[in-house]
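What follows is query.pdb (PDB, C-alpha atoms, pLDDT in the B column).
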ATOM      1  CA  GLN F   1      63.264  37.517 -43.008  1.00 75.00           C
ATOM      2  CA  VAL F   2      66.432  36.586 -44.839  1.00 78.00           C
ATOM      3  CA  ALA F   3      68.591  39.683 -44.383  1.00 81.00           C
ATOM      4  CA  GLU F   4      68.916  42.875 -42.397  1.00 85.00           C
ATOM      5  CA  LEU F   5      71.087  45.885 -43.192  1.00 86.00           C
ATOM      6  CA  THR F   6      71.248  48.683 -40.647  1.00 85.00           C
ATOM      7  CA  SER F   7      73.604  51.642 -40.814  1.00 85.00           C
ATOM      8  CA  ASN F   8      73.575  55.257 -39.713  1.00 84.00           C
ATOM      9  CA  ARG F   9      76.354  56.061 -42.210  1.00 89.00           C
ATOM     10  CA  MET F  10      74.520  55.175 -45.436  1.00 89.00           C
ATOM     11  CA  ASN F  11      72.024  57.317 -47.277  1.00 87.00           C
ATOM     12  CA  SER F  12      69.210  56.057 -49.489  1.00 85.00           C
ATOM     13  CA  ALA F  13      71.323  56.285 -52.662  1.00 88.00           C
ATOM     14  CA  GLN F  14      74.006  54.057 -51.134  1.00 91.00           C
ATOM     15  CA  VAL F  15      71.439  51.413 -50.133  1.00 91.00           C
ATOM     16  CA  VAL F  16      70.349  50.884 -53.755  1.00 93.00           C
ATOM     17  CA  GLY F  17      73.188  48.497 -54.637  1.00 92.00           C
ATOM     18  CA  PHE F  18      72.522  46.265 -51.638  1.00 93.00           C
ATOM     19  CA  ALA F  19      68.757  46.263 -52.252  1.00 92.00           C
ATOM     20  CA  ALA F  20      69.203  45.425 -55.940  1.00 94.00           C
ATOM     21  CA  CYS F  21      71.629  42.565 -55.208  1.00 93.00           C
ATOM     22  CA  MET F  22      69.323  41.040 -52.587  1.00 92.00           C
ATOM     23  CA  ALA F  23      66.289  41.413 -54.867  1.00 92.00           C
ATOM     24  CA  ALA F  24      68.127  39.771 -57.768  1.00 93.00           C
ATOM     25  CA  PHE F  25      69.348  36.916 -55.560  1.00 92.00           C
ATOM     26  CA  TYR F  26      66.012  36.138 -53.878  1.00 90.00           C
ATOM     27  CA  GLY F  27      63.761  37.298 -56.727  1.00 88.00           C
ATOM     28  CA  ALA F  28      64.463  34.211 -58.798  1.00 85.00           C
ATOM     29  CA  ASN F  29      62.740  32.059 -56.162  1.00 87.00           C
ATOM     30  CA  THR F  30      59.700  34.211 -55.360  1.00 87.00           C
ATOM     31  CA  SER F  31      56.195  32.943 -56.020  1.00 87.00           C
ATOM     32  CA  ASP F  32      55.204  36.244 -57.680  1.00 88.00           C
ATOM     33  CA  TRP F  33      56.305  36.734 -61.288  1.00 89.00           C
ATOM     34  CA  ARG F  34      57.221  40.363 -60.472  1.00 90.00           C
ATOM     35  CA  GLY F  35      59.951  39.239 -58.079  1.00 90.00           C
ATOM     36  CA  VAL F  36      60.738  40.877 -54.754  1.00 91.00           C
ATOM     37  CA  LYS F  37      58.302  43.518 -53.509  1.00 92.00           C
ATOM     38  CA  PHE F  38      59.771  46.677 -52.002  1.00 92.00           C
ATOM     39  CA  SER F  39      58.170  48.763 -49.253  1.00 91.00           C
ATOM     40  CA  ILE F  40      60.326  51.877 -48.957  1.00 89.00           C
ATOM     41  CA  GLU F  41      59.535  54.692 -46.492  1.00 88.00           C
ATOM     42  CA  GLN F  42      58.578  57.865 -48.352  1.00 84.00           C
ATOM     43  CA  ILE F  43      57.733  60.432 -45.645  1.00 76.00           C
ATOM     44  CA  THR F  44      60.041  63.489 -45.877  1.00 63.00           C
ATOM     45  CA  GLY F  45      61.479  61.998 -49.076  1.00 62.00           C
ATOM     46  CA  PRO F  46      64.517  59.930 -47.955  1.00 70.00           C
ATOM     47  CA  GLY F  47      63.333  56.876 -49.862  1.00 78.00           C
ATOM     48  CA  ASP F  48      62.590  58.641 -53.148  1.00 85.00           C
ATOM     49  CA  THR F  49      66.115  58.198 -54.528  1.00 88.00           C
ATOM     50  CA  CYS F  50      66.300  54.516 -53.580  1.00 90.00           C
ATOM     51  CA  GLN F  51      62.874  53.734 -55.041  1.00 91.00           C
ATOM     52  CA  HIS F  52      63.586  55.683 -58.252  1.00 92.00           C
ATOM     53  CA  GLN F  53      66.977  54.026 -58.811  1.00 93.00           C
ATOM     54  CA  LEU F  54      65.527  50.555 -58.244  1.00 94.00           C
ATOM     55  CA  LYS F  55      62.867  51.275 -60.862  1.00 94.00           C
ATOM     56  CA  LEU F  56      65.565  52.362 -63.331  1.00 94.00           C
ATOM     57  CA  MET F  57      67.225  48.978 -62.746  1.00 94.00           C
ATOM     58  CA  GLY F  58      63.965  47.190 -63.552  1.00 93.00           C
ATOM     59  CA  PHE F  59      62.706  46.507 -60.008  1.00 94.00           C
ATOM     60  CA  ASN F  60      59.181  47.871 -60.444  1.00 93.00           C
ATOM     61  CA  TYR F  61      57.231  45.936 -57.806  1.00 92.00           C
ATOM     62  CA  HIS F  62      56.629  48.384 -54.941  1.00 92.00           C
ATOM     63  CA  HIS F  63      54.054  48.690 -52.166  1.00 90.00           C
ATOM     64  CA  LYS F  64      50.997  50.737 -53.129  1.00 89.00           C
ATOM     65  CA  PRO F  65      49.150  52.300 -50.194  1.00 85.00           C
ATOM     66  CA  ARG F  66      45.414  51.665 -49.901  1.00 82.00           C
ATOM     67  CA  ARG F  67      42.585  53.266 -47.965  1.00 76.00           C
ATOM     68  CA  TYR F  68      41.160  50.495 -45.819  1.00 76.00           C
ATOM     69  CA  ASP F  69      38.222  52.607 -44.678  1.00 72.00           C
ATOM     70  CA  SER F  70      36.670  52.922 -48.158  1.00 70.00           C
ATOM     71  CA  LYS F  71      33.419  51.104 -48.980  1.00 71.00           C
ATOM     72  CA  LYS F  72      35.309  48.755 -51.282  1.00 74.00           C
ATOM     73  CA  VAL F  73      39.026  48.236 -50.745  1.00 72.00           C
ATOM     74  CA  LYS F  74      40.672  47.735 -54.117  1.00 67.00           C
ATOM     75  CA  ASP F  75      44.083  46.467 -55.057  1.00 63.00           C
ATOM     76  CA  ASN F  76      46.467  48.663 -57.094  1.00 60.00           C
ATOM     77  CA  THR F  77      44.228  51.742 -57.091  1.00 66.00           C
ATOM     78  CA  SER F  78      46.881  54.062 -55.682  1.00 73.00           C
ATOM     79  CA  ASN F  79      48.919  56.365 -57.884  1.00 80.00           C
ATOM     80  CA  LYS F  80      51.659  56.525 -55.250  1.00 86.00           C
ATOM     81  CA  GLU F  81      54.177  53.845 -54.353  1.00 89.00           C
ATOM     82  CA  GLY F  82      56.116  53.215 -51.160  1.00 87.00           C
ATOM     83  CA  TRP F  83      55.200  53.282 -47.492  1.00 88.00           C
ATOM     84  CA  TYR F  84      53.792  56.499 -46.008  1.00 88.00           C
ATOM     85  CA  SER F  85      53.948  56.596 -42.196  1.00 86.00           C
ATOM     86  CA  THR F  86      51.031  58.692 -41.006  1.00 84.00           C
ATOM     87  CA  GLY F  87      48.808  58.987 -37.940  1.00 81.00           C
ATOM     88  CA  TRP F  88      46.438  56.351 -39.339  1.00 83.00           C
ATOM     89  CA  SER F  89      48.864  53.993 -41.146  1.00 87.00           C
ATOM     90  CA  VAL F  90      51.369  53.364 -38.342  1.00 87.00           C
ATOM     91  CA  PRO F  91      48.806  52.062 -35.792  1.00 88.00           C
ATOM     92  CA  ILE F  92      47.432  49.664 -38.435  1.00 89.00           C
ATOM     93  CA  LEU F  93      50.980  48.578 -39.322  1.00 90.00           C
ATOM     94  CA  MET F  94      52.091  47.955 -35.740  1.00 92.00           C
ATOM     95  CA  THR F  95      48.855  46.273 -34.625  1.00 90.00           C
ATOM     96  CA  ARG F  96      48.878  43.847 -37.545  1.00 91.00           C
ATOM     97  CA  PHE F  97      52.573  43.092 -37.104  1.00 93.00           C
ATOM     98  CA  MET F  98      52.297  42.404 -33.380  1.00 91.00           C
ATOM     99  CA  GLU F  99      49.234  40.210 -34.044  1.00 89.00           C
ATOM    100  CA  ALA F 100      51.312  38.241 -36.561  1.00 91.00           C
ATOM    101  CA  VAL F 101      54.231  37.816 -34.150  1.00 91.00           C
ATOM    102  CA  ASN F 102      52.035  36.859 -31.201  1.00 87.00           C
ATOM    103  CA  GLY F 103      50.023  34.456 -33.371  1.00 84.00           C
ATOM    104  CA  GLY F 104      53.102  32.734 -34.782  1.00 85.00           C
ATOM    105  CA  TRP F 105      52.570  33.977 -38.362  1.00 88.00           C
ATOM    106  CA  PHE F 106      55.823  35.949 -38.334  1.00 91.00           C
ATOM    107  CA  ARG F 107      58.871  34.553 -36.585  1.00 90.00           C
ATOM    108  CA  PRO F 108      61.591  37.150 -35.970  1.00 92.00           C
ATOM    109  CA  GLN F 109      64.967  35.760 -37.078  1.00 87.00           C
ATOM    110  CA  SER F 110      67.304  38.602 -36.117  1.00 90.00           C
ATOM    111  CA  ARG F 111      68.494  38.962 -32.532  1.00 91.00           C
ATOM    112  CA  TRP F 112      68.630  42.736 -33.018  1.00 92.00           C
ATOM    113  CA  LEU F 113      65.036  42.814 -34.227  1.00 92.00           C
ATOM    114  CA  ILE F 114      64.025  40.745 -31.195  1.00 92.00           C
ATOM    115  CA  GLU F 115      65.863  43.175 -28.889  1.00 92.00           C
ATOM    116  CA  GLU F 116      64.031  46.130 -30.455  1.00 91.00           C
ATOM    117  CA  MET F 117      60.722  44.321 -30.080  1.00 93.00           C
ATOM    118  CA  ARG F 118      61.409  43.948 -26.365  1.00 91.00           C
ATOM    119  CA  SER F 119      61.706  47.730 -26.069  1.00 89.00           C
ATOM    120  CA  LEU F 120      58.233  48.434 -27.501  1.00 88.00           C
ATOM    121  CA  GLU F 121      55.685  50.179 -25.295  1.00 85.00           C
ATOM    122  CA  ARG F 122      52.166  51.435 -25.825  1.00 84.00           C
ATOM    123  CA  HIS F 123      51.904  55.174 -25.225  1.00 80.00           C
ATOM    124  CA  THR F 124      48.770  57.311 -25.086  1.00 81.00           C
ATOM    125  CA  SER F 125      48.876  60.817 -26.503  1.00 76.00           C
ATOM    126  CA  VAL F 126      47.254  63.876 -24.900  1.00 79.00           C
ATOM    127  CA  ALA F 127      44.394  63.433 -27.388  1.00 77.00           C
ATOM    128  CA  GLY F 128      43.867  59.884 -26.072  1.00 77.00           C
ATOM    129  CA  LYS F 129      45.232  58.035 -29.100  1.00 78.00           C
ATOM    130  CA  SER F 130      47.242  54.874 -28.485  1.00 77.00           C
ATOM    131  CA  LYS F 131      50.583  54.352 -30.209  1.00 78.00           C
ATOM    132  CA  MET F 132      53.105  51.516 -29.989  1.00 81.00           C
ATOM    133  CA  GLU F 133      56.695  52.718 -30.110  1.00 80.00           C
ATOM    134  CA  HIS F 134      60.102  52.275 -28.528  1.00 83.00           C
ATOM    135  CA  ARG F 135      61.071  53.218 -24.979  1.00 81.00           C
ATOM    136  CA  GLU F 136      62.848  56.504 -24.467  1.00 85.00           C
ATOM    137  CA  GLY F 137      66.456  56.216 -25.596  1.00 84.00           C
ATOM    138  CA  MET F 138      65.767  53.080 -27.668  1.00 85.00           C
ATOM    139  CA  HIS F 139      65.005  52.506 -31.367  1.00 84.00           C
ATOM    140  CA  ASP F 140      62.305  50.735 -33.375  1.00 87.00           C
ATOM    141  CA  ASP F 141      63.675  51.085 -36.928  1.00 87.00           C
ATOM    142  CA  ARG F 142      64.134  47.333 -37.415  1.00 91.00           C
ATOM    143  CA  VAL F 143      60.642  46.655 -36.062  1.00 92.00           C
ATOM    144  CA  ARG F 144      59.106  49.166 -38.445  1.00 91.00           C
ATOM    145  CA  ALA F 145      61.055  47.724 -41.403  1.00 91.00           C
ATOM    146  CA  ALA F 146      60.027  44.149 -40.556  1.00 93.00           C
ATOM    147  CA  ALA F 147      56.440  45.312 -40.032  1.00 94.00           C
ATOM    148  CA  GLN F 148      56.385  47.026 -43.443  1.00 93.00           C
ATOM    149  CA  ALA F 149      57.749  43.898 -45.133  1.00 92.00           C
ATOM    150  CA  TYR F 150      55.142  41.720 -43.427  1.00 93.00           C
ATOM    151  CA  PHE F 151      52.256  44.140 -43.945  1.00 92.00           C
ATOM    152  CA  THR F 152      52.797  44.704 -47.666  1.00 91.00           C
ATOM    153  CA  ALA F 153      52.579  40.953 -48.236  1.00 89.00           C
ATOM    154  CA  HIS F 154      49.623  40.306 -45.897  1.00 89.00           C
ATOM    155  CA  ASP F 155      47.489  43.453 -45.724  1.00 86.00           C
ATOM    156  CA  MET F 156      44.524  41.727 -47.419  1.00 85.00           C
ATOM    157  CA  ASP F 157      44.639  38.515 -45.352  1.00 84.00           C
ATOM    158  CA  ASP F 158      41.343  37.479 -43.769  1.00 82.00           C
ATOM    159  CA  LEU F 159      42.124  37.403 -40.033  1.00 80.00           C
ATOM    160  CA  ALA F 160      38.915  35.538 -39.135  1.00 79.00           C
ATOM    161  CA  GLU F 161      39.801  32.745 -41.560  1.00 77.00           C
ATOM    162  CA  ARG F 162      43.332  32.662 -40.177  1.00 73.00           C
ATOM    163  CA  ALA F 163      42.018  32.347 -36.610  1.00 69.00           C
ATOM    164  CA  GLN F 164      39.858  29.392 -37.635  1.00 68.00           C
ATOM    165  CA  ARG F 165      42.772  27.565 -39.248  1.00 68.00           C
ATOM    166  CA  ARG F 166      44.950  28.184 -36.184  1.00 60.00           C
ATOM    167  CA  TYR F 167      48.671  28.213 -36.480  1.00 54.00           C
ATOM    168  CA  SER F 168      50.412  24.873 -36.129  1.00 56.00           C
ATOM    169  CA  THR F 169      54.157  24.387 -36.265  1.00 59.00           C
ATOM    170  CA  PRO F 170      55.193  22.636 -39.483  1.00 60.00           C
ATOM    171  CA  GLN F 171      56.388  19.073 -38.918  1.00 64.00           C
ATOM    172  CA  LYS F 172      58.904  19.344 -41.748  1.00 68.00           C
ATOM    173  CA  LYS F 173      61.853  21.655 -41.140  1.00 67.00           C
ATOM    174  CA  LYS F 174      62.115  24.495 -43.651  1.00 65.00           C
ATOM    175  CA  VAL F 175      65.196  24.733 -45.850  1.00 67.00           C
ATOM    176  CA  ASP F 176      67.533  27.548 -44.839  1.00 64.00           C
ATOM    177  CA  PRO F 177      67.616  29.984 -47.817  1.00 61.00           C
ATOM    178  CA  ASN F 178      71.096  31.132 -46.751  1.00 58.00           C
ATOM    179  CA  GLY F 179      72.454  27.587 -46.793  1.00 62.00           C
ATOM    180  CA  GLY F 180      73.746  28.008 -43.250  1.00 57.00           C
ATOM    181  CA  ARG F 181      76.190  30.746 -44.248  1.00 55.00           C
ATOM    182  CA  CYS F 182      75.250  33.166 -41.457  1.00 54.00           C
ATOM    183  CA  THR F 183      74.810  32.159 -37.823  1.00 54.00           C
ATOM    184  CA  ALA F 184      75.364  35.557 -36.167  1.00 53.00           C
ATOM    185  CA  ASN F 185      71.634  36.041 -35.606  1.00 53.00           C
ATOM    186  CA  ARG F 186      70.979  32.750 -33.774  1.00 56.00           C
ATOM    187  CA  VAL F 187      68.945  33.169 -30.621  1.00 53.00           C
ATOM    188  CA  LYS F 188      67.560  30.685 -28.129  1.00 54.00           C
ATOM    189  CA  VAL F 189      63.769  30.452 -28.287  1.00 54.00           C
ATOM    190  CA  GLY F 190      62.362  28.057 -25.693  1.00 56.00           C
ATOM    191  CA  GLU F 191      64.383  24.852 -25.734  1.00 61.00           C
ATOM    192  CA  ASP F 192      65.678  25.111 -29.305  1.00 59.00           C
ATOM    193  CA  TRP F 193      68.224  27.274 -31.069  1.00 52.00           C
ATOM    194  CA  GLU F 194      66.696  29.141 -34.021  1.00 55.00           C
TER     195      GLU F 194
END
Representation of the structure as structure tokens:
Amino acid sequence: QVAELTSNRMNSAQVVGFAACMAAFYGANTSDWRGVKFSIEQITGPGDTCQHQLKLMGFNYHHKPRRYDSKKVKDNTSNKEGWYSTGWSVPILMTRFMEAVNGGWFRPQSRWLIEEMRSLERHTSVAGKSKMEHREGMHDDRVRAAAQAYFTAHDMDDLAERAQRRYSTPQKKKVDPNGGRCTANRVKVGEDWE
């Protein structure tokens, strides 16, 4: 995670400029030739404008939903683009994200994201289905956004292979992509400041 923009005063059309600038800035250093991959929420249509405008600007790399319960899961078989939060996709999203955080594969960098993660609870519906979401009166928008970003990049990872390799902390410190410009999101994790 290199950036986080949260506002209840901006609509999806107003987010386009920020998204395009961040994608242009970080896209030059991505390992994929297509640049930055977007995963924009599409349920009830708020993300349609943002996704469409980004495509007009040349940012055409967007998440394509897959059916993971098919006999053979294929890449890029979907005609749709963007993230669709449904009764079956959200549990997969949240379970995989929490597994990544607990296993050390995703390290939250934003103190506000960490605060939202602390408010998560597992609720059971009347039908007996389990769902992880925020406590009453709290929010989980940052968690869902971080989960979408993680999931779109790692949905085809082999979890058994990952468990065998086991996560070990790198001995060499990673280079800060922001060059130390922003320290507002520093939090204390264990004995060290992150």
Query raised in the report: Taking into account only C-alpha atoms, which residue in the set F:Leu113, F:Val2, F:Ala19, F:Ala24 is nearest to Phe38 in chain F?
Result: F:Ala19
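Non-sequential neighbours of range 68-73 of chain F (distance at most 10 Å, separation of 5 or more positions within a chain, all atoms listed in the file) are Ser89, Ile92, Asp155 and Met156 of chain F.
Residues in contact range of Cys50 in chain F, defined as at most 9 Å between only C-alpha atoms, with sequence neighbours fewer than 5 positions away removed, read Asn11, Ser12, Ala13, Gln14, Val15, Val16, Ala19, Ile40 and Lys55 of chain F.
The closest residue to Thr95 in chain F, picked from F:Arg66, F:Ala160, F:Leu120, F:Thr6 and counting all atoms listed in the file, is F:Leu120.
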Query raised in the report: For Lys37 in chain F, which residue out of F:His139, F:His154, F:Arg162, F:Lys131 is the nearest one, using only C-alpha atoms?
Result: F:His154
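Of the residues listed (F:Asn60, F:Ser78, F:Ser125, F:Gln53), F:Asn60 shows the shortest atom-to-atom separation from Gly35 in chain F; distances use all atoms listed in the file.
Across F:Gly104, F:Cys21, F:Glu161, F:Met94, the tightest approach to Arg122 in chain F is made by F:Met94 when counting all atoms listed in the file.
If you measure from each of F:Gly17, F:Leu93, F:Ser85, F:Glu99 to Met57 in chain F using all atoms listed in the file, the closest one turns out to be F:Gly17.
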Given 3 Å on each side, where is the centre and what are the edge lengths in Å to one decimal of the axis-aligned box enclosing the listed atoms of range 44-53 of chain F, as JSON?
{"center_x": 63.5, "center_y": 58.6, "center_z": -52.3, "size_x": 12.9, "size_y": 15.8, "size_z": 18.9}
Query - Shell around range 140-143 of chain F at 12 Å using all atoms listed in the file, local window under 3 positions removed, as a ChimeraX atom specification - result: /F:1,3-8,41,90,93-95,97-98,101,106,108-121,132-137,146-151
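Here CA of Asn79 in chain F and CA of Lys64 in chain F stand 7.7 Å from one another.
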Query raised in the report: If you measure from CA of Asp157 in chain F to CA of Gly103 in chain F, what distance in Å do you get, rounded to one decimal?
Result: 13.7 Å
Report task. Find the spatial neighbours of Tyr61 in chain F, counting all atoms listed in the file, within a cut-off of 12 Å - ignore same-chain residues fewer than 3 positions away - and output them as a PyMOL selection string. Result -> chain F and resi 23+27+32-40+51-52+54-58+64+76+81-82+152-153
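For the pair CA of Met10 in chain F and CA of Thr49 in chain F, the separation is 12.7 Å.
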